Structure formats: C-alpha cells, structure tokens
$ cat upload.cif   # mmCIF, C-alpha atoms; chains and numbers go by the auth columns
data_protein
#
loop_
_atom_site.group_PDB
_atom_site.id
_atom_site.type_symbol
_atom_site.label_atom_id
_atom_site.label_comp_id
_atom_site.label_asym_id
_atom_site.label_seq_id
_atom_site.Cartn_x
_atom_site.Cartn_y
_atom_site.Cartn_z
_atom_site.B_iso_or_equiv
_atom_site.auth_seq_id
_atom_site.auth_asym_id
ATOM 1 C CA MET A 1 143.679 -20.168 -36.695 0.00 220 J
ATOM 2 C CA ARG A 2 142.199 -22.758 -39.064 0.00 221 J
ATOM 3 C CA HIS A 3 145.582 -23.136 -40.779 0.00 222 J
ATOM 4 C CA PHE A 4 147.201 -23.950 -37.405 0.00 223 J
ATOM 5 C CA GLN A 5 144.546 -26.600 -36.633 0.00 224 J
ATOM 6 C CA LEU A 6 145.044 -28.237 -40.045 0.00 225 J
ATOM 7 C CA LEU A 7 148.817 -28.228 -39.573 0.00 226 J
ATOM 8 C CA ARG A 8 148.491 -29.768 -36.101 0.00 227 J
ATOM 9 C CA ARG A 9 146.156 -32.524 -37.406 0.00 228 J
ATOM 10 C CA ALA A 10 148.457 -33.262 -40.352 0.00 229 J
ATOM 11 C CA THR A 11 151.456 -33.500 -38.031 0.00 230 J
ATOM 12 C CA ALA A 12 149.594 -35.817 -35.647 0.00 231 J
ATOM 13 C CA ALA A 13 148.498 -38.035 -38.548 0.00 232 J
ATOM 14 C CA ALA A 14 152.043 -38.176 -39.947 0.00 233 J
ATOM 15 C CA CYS A 15 153.401 -39.183 -36.519 0.00 234 J
ATOM 16 C CA ALA A 16 150.717 -41.858 -36.148 0.00 235 J
ATOM 17 C CA LEU A 17 151.654 -43.309 -39.533 0.00 236 J
ATOM 18 C CA GLY A 18 155.365 -43.199 -38.716 0.00 237 J
ATOM 19 C CA LEU A 19 156.022 -40.689 -41.478 0.00 238 J
ATOM 20 C CA LEU A 20 157.315 -38.065 -39.097 0.00 239 J
ATOM 21 C CA ALA A 21 159.480 -39.094 -36.178 0.00 240 J
ATOM 22 C CA LEU A 22 159.879 -36.790 -33.222 0.00 241 J
ATOM 23 C CA PRO A 23 163.253 -37.649 -31.668 0.00 242 J
ATOM 24 C CA THR A 24 163.763 -37.603 -27.936 0.00 243 J
ATOM 25 C CA LEU A 25 167.187 -35.998 -28.441 0.00 244 J
ATOM 26 C CA SER A 26 168.222 -33.659 -31.219 0.00 245 J
ATOM 27 C CA SER A 27 171.175 -34.940 -33.230 0.00 246 J
ATOM 28 C CA ALA A 28 173.331 -32.193 -31.708 0.00 247 J
ATOM 29 C CA GLN A 29 172.353 -33.377 -28.216 0.00 248 J
ATOM 30 C CA ALA A 30 172.701 -37.085 -29.048 0.00 249 J
ATOM 31 C CA GLN A 31 176.033 -36.619 -30.837 0.00 250 J
ATOM 32 C CA PRO A 32 177.761 -33.443 -29.689 0.00 251 J
ATOM 33 C CA SER A 33 181.172 -32.670 -31.177 0.00 252 J
ATOM 34 C CA VAL A 34 184.213 -31.082 -29.591 0.00 253 J
ATOM 35 C CA LEU A 35 187.337 -29.601 -31.147 0.00 254 J
ATOM 36 C CA VAL A 36 190.584 -30.676 -29.498 0.00 255 J
ATOM 37 C CA LYS A 37 193.517 -28.322 -30.150 0.00 256 J
ATOM 38 C CA THR A 38 196.927 -29.752 -29.257 0.00 257 J
ATOM 39 C CA SER A 39 200.529 -28.638 -29.637 0.00 258 J
ATOM 40 C CA VAL A 40 200.851 -30.964 -32.678 0.00 259 J
ATOM 41 C CA GLY A 41 197.525 -30.209 -34.426 0.00 260 J
ATOM 42 C CA GLU A 42 193.812 -30.563 -33.891 0.00 261 J
ATOM 43 C CA PHE A 43 191.088 -33.156 -34.192 0.00 262 J
ATOM 44 C CA THR A 44 187.335 -33.398 -33.712 0.00 263 J
ATOM 45 C CA LEU A 45 185.555 -35.882 -31.474 0.00 264 J
ATOM 46 C CA THR A 46 181.928 -36.859 -32.025 0.00 265 J
ATOM 47 C CA LEU A 47 180.416 -38.118 -28.778 0.00 266 J
ATOM 48 C CA ASN A 48 177.586 -40.613 -28.376 0.00 267 J
ATOM 49 C CA ALA A 49 175.275 -39.313 -25.631 0.00 268 J
ATOM 50 C CA GLU A 50 172.611 -41.844 -26.563 0.00 269 J
ATOM 51 C CA LYS A 51 174.784 -44.875 -25.764 0.00 270 J
ATOM 52 C CA ALA A 52 176.973 -43.321 -23.041 0.00 271 J
ATOM 53 C CA PRO A 53 174.894 -40.533 -21.447 0.00 272 J
ATOM 54 C CA ILE A 54 176.658 -40.454 -18.062 0.00 273 J
ATOM 55 C CA THR A 55 180.126 -40.473 -19.622 0.00 274 J
ATOM 56 C CA VAL A 56 179.350 -37.804 -22.241 0.00 275 J
ATOM 57 C CA LYS A 57 177.733 -35.535 -19.639 0.00 276 J
ATOM 58 C CA ASN A 58 180.800 -35.967 -17.402 0.00 277 J
ATOM 59 C CA PHE A 59 183.259 -35.288 -20.256 0.00 278 J
ATOM 60 C CA LEU A 60 181.350 -32.206 -21.438 0.00 279 J
ATOM 61 C CA GLN A 61 181.288 -30.813 -17.901 0.00 280 J
ATOM 62 C CA TYR A 62 185.091 -31.096 -17.772 0.00 281 J
ATOM 63 C CA VAL A 63 185.195 -29.369 -21.183 0.00 282 J
ATOM 64 C CA ALA A 64 182.912 -26.554 -19.925 0.00 283 J
ATOM 65 C CA ASP A 65 185.094 -26.201 -16.804 0.00 284 J
ATOM 66 C CA LYS A 66 188.204 -25.949 -19.053 0.00 285 J
ATOM 67 C CA HIS A 67 189.746 -28.780 -17.029 0.00 286 J
ATOM 68 C CA TYR A 68 191.547 -30.185 -20.065 0.00 287 J
ATOM 69 C CA ASP A 69 193.151 -26.904 -21.155 0.00 288 J
ATOM 70 C CA GLY A 70 196.886 -27.155 -20.465 0.00 289 J
ATOM 71 C CA THR A 71 196.882 -30.887 -19.707 0.00 290 J
ATOM 72 C CA ILE A 72 199.003 -33.328 -21.686 0.00 291 J
ATOM 73 C CA PHE A 73 198.902 -36.708 -23.340 0.00 292 J
ATOM 74 C CA HIS A 74 200.918 -38.327 -20.557 0.00 293 J
ATOM 75 C CA ARG A 75 200.823 -41.968 -21.696 0.00 294 J
ATOM 76 C CA VAL A 76 201.529 -42.762 -25.345 0.00 295 J
ATOM 77 C CA ILE A 77 201.912 -46.335 -26.556 0.00 296 J
ATOM 78 C CA ASP A 78 202.122 -46.766 -30.330 0.00 297 J
ATOM 79 C CA GLY A 79 200.199 -49.876 -31.345 0.00 298 J
ATOM 80 C CA PHE A 80 197.776 -49.376 -28.438 0.00 299 J
ATOM 81 C CA MET A 81 196.475 -45.939 -27.394 0.00 300 J
ATOM 82 C CA VAL A 82 197.222 -42.334 -26.372 0.00 301 J
ATOM 83 C CA GLN A 83 195.984 -41.207 -22.943 0.00 302 J
ATOM 84 C CA GLY A 84 195.488 -37.715 -21.592 0.00 303 J
ATOM 85 C CA GLY A 85 193.374 -35.266 -19.691 0.00 304 J
ATOM 86 C CA GLY A 86 194.691 -35.668 -16.163 0.00 305 J
ATOM 87 C CA PHE A 87 198.214 -34.264 -15.805 0.00 306 J
ATOM 88 C CA THR A 88 199.959 -30.918 -16.304 0.00 307 J
ATOM 89 C CA THR A 89 203.229 -30.562 -18.223 0.00 308 J
ATOM 90 C CA SER A 90 205.116 -31.105 -14.935 0.00 309 J
ATOM 91 C CA MET A 91 203.158 -34.367 -14.393 0.00 310 J
ATOM 92 C CA GLN A 92 201.098 -32.939 -11.551 0.00 311 J
ATOM 93 C CA GLU A 93 197.745 -34.724 -11.430 0.00 312 J
ATOM 94 C CA LYS A 94 194.783 -32.347 -11.607 0.00 313 J
ATOM 95 C CA SER A 95 191.956 -32.623 -9.106 0.00 314 J
ATOM 96 C CA THR A 96 188.708 -34.102 -10.398 0.00 315 J
ATOM 97 C CA ARG A 97 185.077 -34.475 -9.501 0.00 316 J
ATOM 98 C CA ALA A 98 183.641 -37.734 -8.136 0.00 317 J
ATOM 99 C CA PRO A 99 184.041 -40.840 -10.347 0.00 318 J
ATOM 100 C CA ILE A 100 181.229 -41.988 -12.612 0.00 319 J
ATOM 101 C CA ALA A 101 179.491 -45.299 -13.222 0.00 320 J
ATOM 102 C CA LEU A 102 180.887 -47.602 -15.903 0.00 321 J
ATOM 103 C CA GLU A 103 178.934 -47.737 -19.192 0.00 322 J
ATOM 104 C CA ALA A 104 181.156 -50.249 -21.019 0.00 323 J
ATOM 105 C CA SER A 105 178.278 -52.570 -21.994 0.00 324 J
ATOM 106 C CA ASN A 106 176.744 -49.938 -24.282 0.00 325 J
ATOM 107 C CA GLY A 107 177.608 -51.707 -27.556 0.00 326 J
ATOM 108 C CA LEU A 108 180.351 -49.248 -28.575 0.00 327 J
ATOM 109 C CA LYS A 109 183.706 -50.917 -29.221 0.00 328 J
ATOM 110 C CA ASN A 110 187.350 -50.030 -28.591 0.00 329 J
ATOM 111 C CA VAL A 111 188.279 -49.710 -32.254 0.00 330 J
ATOM 112 C CA ARG A 112 190.819 -47.445 -33.938 0.00 331 J
ATOM 113 C CA GLY A 113 189.753 -43.835 -33.481 0.00 332 J
ATOM 114 C CA SER A 114 187.354 -44.453 -30.600 0.00 333 J
ATOM 115 C CA ILE A 115 187.633 -42.475 -27.363 0.00 334 J
ATOM 116 C CA ALA A 116 187.165 -44.253 -24.035 0.00 335 J
ATOM 117 C CA MET A 117 187.460 -43.413 -20.358 0.00 336 J
ATOM 118 C CA ALA A 118 190.560 -44.410 -18.419 0.00 337 J
ATOM 119 C CA ARG A 119 189.963 -45.935 -15.001 0.00 338 J
ATOM 120 C CA THR A 120 191.644 -47.885 -12.227 0.00 339 J
ATOM 121 C CA MET A 121 190.926 -51.537 -11.424 0.00 340 J
ATOM 122 C CA ASN A 122 187.667 -50.315 -9.879 0.00 341 J
ATOM 123 C CA PRO A 123 185.179 -50.317 -12.802 0.00 342 J
ATOM 124 C CA ASP A 124 183.352 -47.241 -11.447 0.00 343 J
ATOM 125 C CA SER A 125 186.457 -45.069 -11.056 0.00 344 J
ATOM 126 C CA ALA A 126 186.610 -42.994 -14.274 0.00 345 J
ATOM 127 C CA THR A 127 186.884 -39.252 -13.736 0.00 346 J
ATOM 128 C CA ALA A 128 188.561 -37.005 -16.344 0.00 347 J
ATOM 129 C CA GLN A 129 191.255 -39.065 -18.049 0.00 348 J
ATOM 130 C CA PHE A 130 190.475 -40.543 -21.445 0.00 349 J
ATOM 131 C CA PHE A 131 192.290 -42.458 -24.141 0.00 350 J
ATOM 132 C CA ILE A 132 192.033 -42.731 -27.905 0.00 351 J
ATOM 133 C CA ASN A 133 192.555 -46.162 -29.407 0.00 352 J
ATOM 134 C CA VAL A 134 195.134 -46.001 -32.208 0.00 353 J
ATOM 135 C CA VAL A 135 194.409 -49.613 -33.242 0.00 354 J
ATOM 136 C CA ASP A 136 191.488 -51.949 -32.669 0.00 355 J
ATOM 137 C CA ASN A 137 191.662 -53.111 -29.036 0.00 356 J
ATOM 138 C CA PRO A 138 188.957 -55.782 -28.659 0.00 357 J
ATOM 139 C CA ASN A 139 190.607 -56.909 -25.402 0.00 358 J
ATOM 140 C CA LEU A 140 189.280 -53.675 -23.801 0.00 359 J
ATOM 141 C CA ASN A 141 185.633 -54.343 -24.705 0.00 360 J
ATOM 142 C CA ALA A 142 183.232 -55.469 -21.978 0.00 361 J
ATOM 143 C CA PRO A 143 183.544 -57.906 -20.317 0.00 362 J
ATOM 144 C CA SER A 144 187.304 -58.073 -21.037 0.00 363 J
ATOM 145 C CA PRO A 145 189.929 -57.666 -19.668 0.00 364 J
ATOM 146 C CA ASP A 146 188.748 -57.791 -16.050 0.00 365 J
ATOM 147 C CA GLY A 147 185.069 -58.645 -16.314 0.00 366 J
ATOM 148 C CA HIS A 148 184.076 -55.008 -16.904 0.00 367 J
ATOM 149 C CA GLY A 149 185.699 -53.401 -19.969 0.00 368 J
ATOM 150 C CA TYR A 150 186.341 -49.748 -20.762 0.00 369 J
ATOM 151 C CA THR A 151 183.600 -47.262 -21.696 0.00 370 J
ATOM 152 C CA VAL A 152 183.748 -46.027 -25.285 0.00 371 J
ATOM 153 C CA PHE A 153 181.806 -42.785 -25.688 0.00 372 J
ATOM 154 C CA GLY A 154 182.727 -41.386 -29.093 0.00 373 J
ATOM 155 C CA THR A 155 185.063 -41.358 -32.076 0.00 374 J
ATOM 156 C CA VAL A 156 187.589 -39.159 -33.799 0.00 375 J
ATOM 157 C CA SER A 157 185.469 -37.845 -36.669 0.00 376 J
ATOM 158 C CA LYS A 158 188.108 -35.546 -38.169 0.00 377 J
ATOM 159 C CA GLY A 159 191.869 -35.204 -37.791 0.00 378 J
ATOM 160 C CA MET A 160 192.961 -38.770 -37.032 0.00 379 J
ATOM 161 C CA GLU A 161 196.284 -37.801 -38.631 0.00 380 J
ATOM 162 C CA THR A 162 196.913 -35.609 -35.553 0.00 381 J
ATOM 163 C CA VAL A 163 196.287 -38.573 -33.245 0.00 382 J
ATOM 164 C CA ASP A 164 198.692 -40.595 -35.397 0.00 383 J
ATOM 165 C CA LYS A 165 201.327 -37.852 -34.897 0.00 384 J
ATOM 166 C CA ILE A 166 200.843 -38.156 -31.142 0.00 385 J
ATOM 167 C CA ARG A 167 201.220 -41.950 -31.205 0.00 386 J
ATOM 168 C CA LYS A 168 204.610 -41.611 -32.951 0.00 387 J
ATOM 169 C CA VAL A 169 206.276 -39.141 -30.560 0.00 388 J
ATOM 170 C CA PRO A 170 209.379 -40.392 -28.716 0.00 389 J
ATOM 171 C CA THR A 171 208.550 -41.527 -25.176 0.00 390 J
ATOM 172 C CA GLY A 172 210.481 -42.579 -22.121 0.00 391 J
ATOM 173 C CA PHE A 173 210.591 -42.689 -18.345 0.00 392 J
ATOM 174 C CA LYS A 174 209.844 -39.271 -16.883 0.00 393 J
ATOM 175 C CA PHE A 175 208.699 -38.028 -13.463 0.00 394 J
ATOM 176 C CA GLY A 176 208.447 -41.639 -12.281 0.00 395 J
ATOM 177 C CA TYR A 177 206.151 -42.717 -15.141 0.00 396 J
ATOM 178 C CA SER A 178 206.836 -44.758 -18.277 0.00 397 J
ATOM 179 C CA ASP A 179 205.558 -44.089 -21.831 0.00 398 J
ATOM 180 C CA VAL A 180 205.625 -40.301 -21.273 0.00 399 J
ATOM 181 C CA PRO A 181 206.351 -38.145 -24.350 0.00 400 J
ATOM 182 C CA LEU A 182 209.853 -36.694 -24.020 0.00 401 J
ATOM 183 C CA THR A 183 208.514 -33.430 -25.454 0.00 402 J
ATOM 184 C CA PRO A 184 205.086 -32.701 -23.957 0.00 403 J
ATOM 185 C CA VAL A 185 202.065 -32.997 -26.243 0.00 404 J
ATOM 186 C CA THR A 186 199.797 -30.381 -24.705 0.00 405 J
ATOM 187 C CA ILE A 187 196.033 -30.129 -24.987 0.00 406 J
ATOM 188 C CA GLN A 188 195.696 -26.399 -25.550 0.00 407 J
ATOM 189 C CA SER A 189 191.894 -26.464 -25.452 0.00 408 J
ATOM 190 C CA ILE A 190 188.820 -28.599 -25.940 0.00 409 J
ATOM 191 C CA THR A 191 185.716 -26.688 -27.012 0.00 410 J
ATOM 192 C CA LEU A 192 182.155 -27.720 -27.736 0.00 411 J
ATOM 193 C CA LEU A 193 181.191 -27.102 -31.350 0.00 412 J
ATOM 194 C CA LYS A 194 177.806 -25.484 -31.883 0.00 413 J
#

$ encode --input "upload.cif" --output "structure tokens"
Amino acid sequence: MRHFQLLRRATAAACALGLLALPTLSSAQAQPSVLVKTSVGEFTLTLNAEKAPITVKNFLQYVADKHYDGTIFHRVIDGFMVQGGGFTTSMQEKSTRAPIALEASNGLKNVRGSIAMARTMNPDSATAQFFINVVDNPNLNAPSPDGHGYTVFGTVSKGMETVDKIRKVPTGFKFGYSDVPLTPVTIQSITLLK
C-alpha cells in the first residue's frame, strides 16, 4: 500500500513539473493507420484525428462498415490526384451516410501523399469519397479554390509507389465520366491496423 502511495505522489510531482505528460489521446487514437489493398498493390495511410477528428471518425466508420471494399479509383489525373471510394467497377455510386462538416482550416496541406475528402461545391458535402494528392496542390488548401478548401486528414506513410502506379494507368471516357481508368483499379479492402 505504501509503495502505491509513493508511486502516486511521484507521478503527480512529475506531472506538475512537466516531466511526465499525460496525453488526451493515445498516439494510436490520434494517428490511426489503415492498410489499403488494391488490385495494383497496397499502401498505408496514417490519419490525423487530432487535426481532423470529424473526418477521421467518418472515414474509419466507412472502413469498419467495409464500404470501400470493392470500390474503385474512378477519377485518376496524373499531375493532380487519384480519387476513389464511391463507385463500384460498373460505375454505380454507392449509398452513403449524411455528409460531414468541412475541416479544411486545420493546418494540414494538400501536398504530395496527403489524403483529403472529395466534396461538391457545398463545403459541407463530403461523405465517403477521398482523393490522394500525387503532387503538391496548394490551390486546394483553405481558403482556395472557392473560399473553403478541401479537408486533408492524413498521409500515405508507406507504399507511395502503389499510388504512383495508380496515377499512371491509362484513362478515358467511360460510363459517362472522364478520367476513368480503362482497366479498373479496385480497392480490395481497407483495414484498421492495430
């Protein structure tokens, strides 16, 4: 019992002196990682729940629901970005939950390897679709290009060479859409890493 009291006092003193910080989020909670397996390889995303809590929670719920499994990268523009998470291989749009609030003013930037939420002209319209910047795109940072910007919520932390494979696939006009890979690049699964 005395040992416990001494340990508790020492811990309290260390916290008071700033020698021991007690984080509000564990690093796994603040920066969860997911493994994205595609038909051309895999990559890991590290998400920033501290700077984009609403967006990360939304994305991870779609991951838990297996929403992304079997979707494709349906918009691929080399020199810009690769977008996916919303359409099947036959370009049927998947149903989604309600849109989320924009978090584009969080300090994270649309740089090469960052992941951001796709949206319509309405700034609070992001649901499931995301894009990965394949080059720096400062024109997408808040407040550009429309006074609102696009919410960045993580980065490719491993496997950027897979994203670079995706950006180089031949694209064309398909199912009424432009910039669609002629051979589908399928997201086989996205899983939370423990």

$ closest_residue --input "upload.cif" --among "J:Val371, J:Met379, J:Leu411, J:Ile296" --to "Val399 of chain J" --atoms "all atoms listed in the file"
J:Ile296

$ closest_residue --input "upload.cif" --among "J:Thr405, J:Ser397, J:Met300, J:Asp383" --to "Asp355 of chain J" --atoms "all atoms listed in the file"
J:Met300

$ resolve_selection --input "upload.cif" --expression "the PyMOL selection byres ((chain J and resi 394) around 12)" --output "JSON, numbers by chain"
{"J": [293, 306, 307, 308, 309, 310, 311, 312, 391, 392, 393, 395, 396, 397, 398, 399, 400, 401]}

$ atom_distance --input "upload.cif" --atom1 "atom CA of Lys413 of chain J" --atom2 "atom CA of Pro251 of chain J"
8.3 Å

$ residues_near_point --input "upload.cif" --point "(206.2, -38.0, -31.5)" --cutoff "10 Å" --atoms "all atoms listed in the file" --output "list in words"
Val259, Val295, Asp297, Asp383, Lys384, Ile385, Arg386, Lys387, Val388, Pro389, Thr390, Pro400, Leu401, Thr402, Pro403 and Val404 of chain J

$ resolve_selection --input "upload.cif" --expression "the PyMOL selection byres ((chain J and resi 252) around 8)" --output "compact mmCIF listing (two decimals) with C-alpha atoms, in the frame of the given file"
# COMPACT_ATOMS: atom_id res chain seq x y z
CA ALA J 247 173.33 -32.19 -31.71
CA GLN J 250 176.03 -36.62 -30.84
CA PRO J 251 177.76 -33.44 -29.69
CA VAL J 253 184.21 -31.08 -29.59
CA LEU J 254 187.34 -29.60 -31.15
CA THR J 263 187.34 -33.40 -33.71
CA LEU J 264 185.56 -35.88 -31.47
CA THR J 265 181.93 -36.86 -32.02
CA LEU J 266 180.42 -38.12 -28.78
CA LEU J 411 182.16 -27.72 -27.74
CA LEU J 412 181.19 -27.10 -31.35
CA LYS J 413 177.81 -25.48 -31.88

$ atom_distance --input "upload.cif" --atom1 "atom CA of Gly373 of chain J" --atom2 "atom CA of Arg331 of chain J"
11.2 Å

$ closest_residue --input "upload.cif" --among "J:Thr374, J:Thr290, J:Ser333, J:Asn277" --to "Arg316 of chain J" --atoms "all atoms listed in the file"
J:Asn277

$ closest_residue --input "upload.cif" --among "J:Thr346, J:Thr410, J:Asn325, J:Gln248" --to "Pro362 of chain J" --atoms "only C-alpha atoms"
J:Asn325

$ resolve_selection --input "upload.cif" --expression "the PyMOL selection byres ((chain J and resi 302) around 7)" --output "list in words"
Phe292, His293, Arg294, Val295, Met300, Val301, Gly303, Phe349, Phe350 and Ile351 of chain J

$ closest_residue --input "upload.cif" --among "J:Ala347, J:Ala249, J:Ala361, J:Ala323" --to "Glu269 of chain J" --atoms "all atoms listed in the file"
J:Ala249

$ closest_residue --input "upload.cif" --among "J:Met336, J:Ala345, J:Val282, J:Ile291" --to "Ala317 of chain J" --atoms "only C-alpha atoms"
J:Ala345

$ residues_around --input "upload.cif" --residues "Leu321 of chain J" --least-positions-apart "4" --cutoff "10 Å" --atoms "all atoms listed in the file" --output "PyMOL selection string"
chain J and resi 271+273-274+325+336+338+341-345+367-371

$ atom_distance --input "upload.cif" --atom1 "atom CA of Ala320 of chain J" --atom2 "atom CA of Asn356 of chain J"
21.4 Å

$ residues_around --input "upload.cif" --residues "Glu261 of chain J" --least-positions-apart "3" --cutoff "8 Å" --atoms "all atoms listed in the file" --output "mmCIF file with C-alpha atoms, in the frame of the given file"
data_model
loop_
_atom_site.group_PDB
_atom_site.id
_atom_site.type_symbol
_atom_site.label_atom_id
_atom_site.label_comp_id
_atom_site.auth_asym_id
_atom_site.auth_seq_id
_atom_site.Cartn_x
_atom_site.Cartn_y
_atom_site.Cartn_z
ATOM 1 C CA LEU J 254 187.337 -29.601 -31.147
ATOM 2 C CA VAL J 255 190.584 -30.676 -29.498
ATOM 3 C CA LYS J 256 193.517 -28.322 -30.150
ATOM 4 C CA THR J 257 196.927 -29.752 -29.257
ATOM 5 C CA GLY J 378 191.869 -35.204 -37.791
ATOM 6 C CA THR J 381 196.913 -35.609 -35.553
#

$ build_atoms --input "upload.cif" --residues "segment 300-315 of chain J" --atoms "N, CA and C atoms" --output "PDB file, in the coordinates of the input"
ATOM      1  N   MET J 300     197.328 -47.103 -27.610  1.00  0.00           N
ATOM      2  CA  MET J 300     196.475 -45.939 -27.394  1.00  0.00           C
ATOM      3  C   MET J 300     197.307 -44.737 -26.944  1.00  0.00           C
ATOM      4  N   VAL J 301     196.647 -43.555 -26.938  1.00  0.00           N
ATOM      5  CA  VAL J 301     197.222 -42.334 -26.372  1.00  0.00           C
ATOM      6  C   VAL J 301     196.268 -41.859 -25.283  1.00  0.00           C
ATOM      7  N   GLN J 302     196.817 -41.546 -24.097  1.00  0.00           N
ATOM      8  CA  GLN J 302     195.984 -41.207 -22.943  1.00  0.00           C
ATOM      9  C   GLN J 302     196.311 -39.809 -22.446  1.00  0.00           C
ATOM     10  N   GLY J 303     195.271 -39.069 -22.092  1.00  0.00           N
ATOM     11  CA  GLY J 303     195.488 -37.715 -21.592  1.00  0.00           C
ATOM     12  C   GLY J 303     194.349 -37.229 -20.723  1.00  0.00           C
ATOM     13  N   GLY J 304     194.453 -35.923 -20.404  1.00  0.00           N
ATOM     14  CA  GLY J 304     193.374 -35.266 -19.691  1.00  0.00           C
ATOM     15  C   GLY J 304     193.499 -35.196 -18.191  1.00  0.00           C
ATOM     16  N   GLY J 305     194.617 -35.643 -17.615  1.00  0.00           N
ATOM     17  CA  GLY J 305     194.691 -35.668 -16.163  1.00  0.00           C
ATOM     18  C   GLY J 305     195.917 -35.032 -15.542  1.00  0.00           C
ATOM     19  N   PHE J 306     196.965 -34.768 -16.352  1.00  0.00           N
ATOM     20  CA  PHE J 306     198.214 -34.264 -15.805  1.00  0.00           C
ATOM     21  C   PHE J 306     198.644 -32.977 -16.498  1.00  0.00           C
ATOM     22  N   THR J 307     199.362 -32.130 -15.751  1.00  0.00           N
ATOM     23  CA  THR J 307     199.959 -30.918 -16.304  1.00  0.00           C
ATOM     24  C   THR J 307     201.293 -31.284 -16.962  1.00  0.00           C
ATOM     25  N   THR J 308     201.942 -30.313 -17.573  1.00  0.00           N
ATOM     26  CA  THR J 308     203.229 -30.562 -18.223  1.00  0.00           C
ATOM     27  C   THR J 308     204.303 -31.000 -17.236  1.00  0.00           C
ATOM     28  N   SER J 309     204.151 -30.665 -15.954  1.00  0.00           N
ATOM     29  CA  SER J 309     205.116 -31.105 -14.935  1.00  0.00           C
ATOM     30  C   SER J 309     204.657 -32.397 -14.247  1.00  0.00           C
ATOM     31  N   MET J 310     203.695 -33.089 -14.870  1.00  0.00           N
ATOM     32  CA  MET J 310     203.158 -34.367 -14.393  1.00  0.00           C
ATOM     33  C   MET J 310     202.514 -34.251 -13.011  1.00  0.00           C
ATOM     34  N   GLN J 311     201.905 -33.111 -12.754  1.00  0.00           N
ATOM     35  CA  GLN J 311     201.098 -32.939 -11.551  1.00  0.00           C
ATOM     36  C   GLN J 311     199.670 -33.339 -11.910  1.00  0.00           C
ATOM     37  N   GLU J 312     199.101 -34.271 -11.139  1.00  0.00           N
ATOM     38  CA  GLU J 312     197.745 -34.724 -11.430  1.00  0.00           C
ATOM     39  C   GLU J 312     196.746 -33.652 -11.006  1.00  0.00           C
ATOM     40  N   LYS J 313     195.803 -33.351 -11.899  1.00  0.00           N
ATOM     41  CA  LYS J 313     194.783 -32.347 -11.607  1.00  0.00           C
ATOM     42  C   LYS J 313     193.677 -32.957 -10.757  1.00  0.00           C
ATOM     43  N   SER J 314     193.077 -32.137  -9.912  1.00  0.00           N
ATOM     44  CA  SER J 314     191.956 -32.623  -9.106  1.00  0.00           C
ATOM     45  C   SER J 314     190.742 -32.831 -10.008  1.00  0.00           C
ATOM     46  N   THR J 315     189.875 -33.736  -9.588  1.00  0.00           N
ATOM     47  CA  THR J 315     188.708 -34.102 -10.398  1.00  0.00           C
ATOM     48  C   THR J 315     187.455 -34.115  -9.533  1.00  0.00           C
TER      49      THR J 315
END
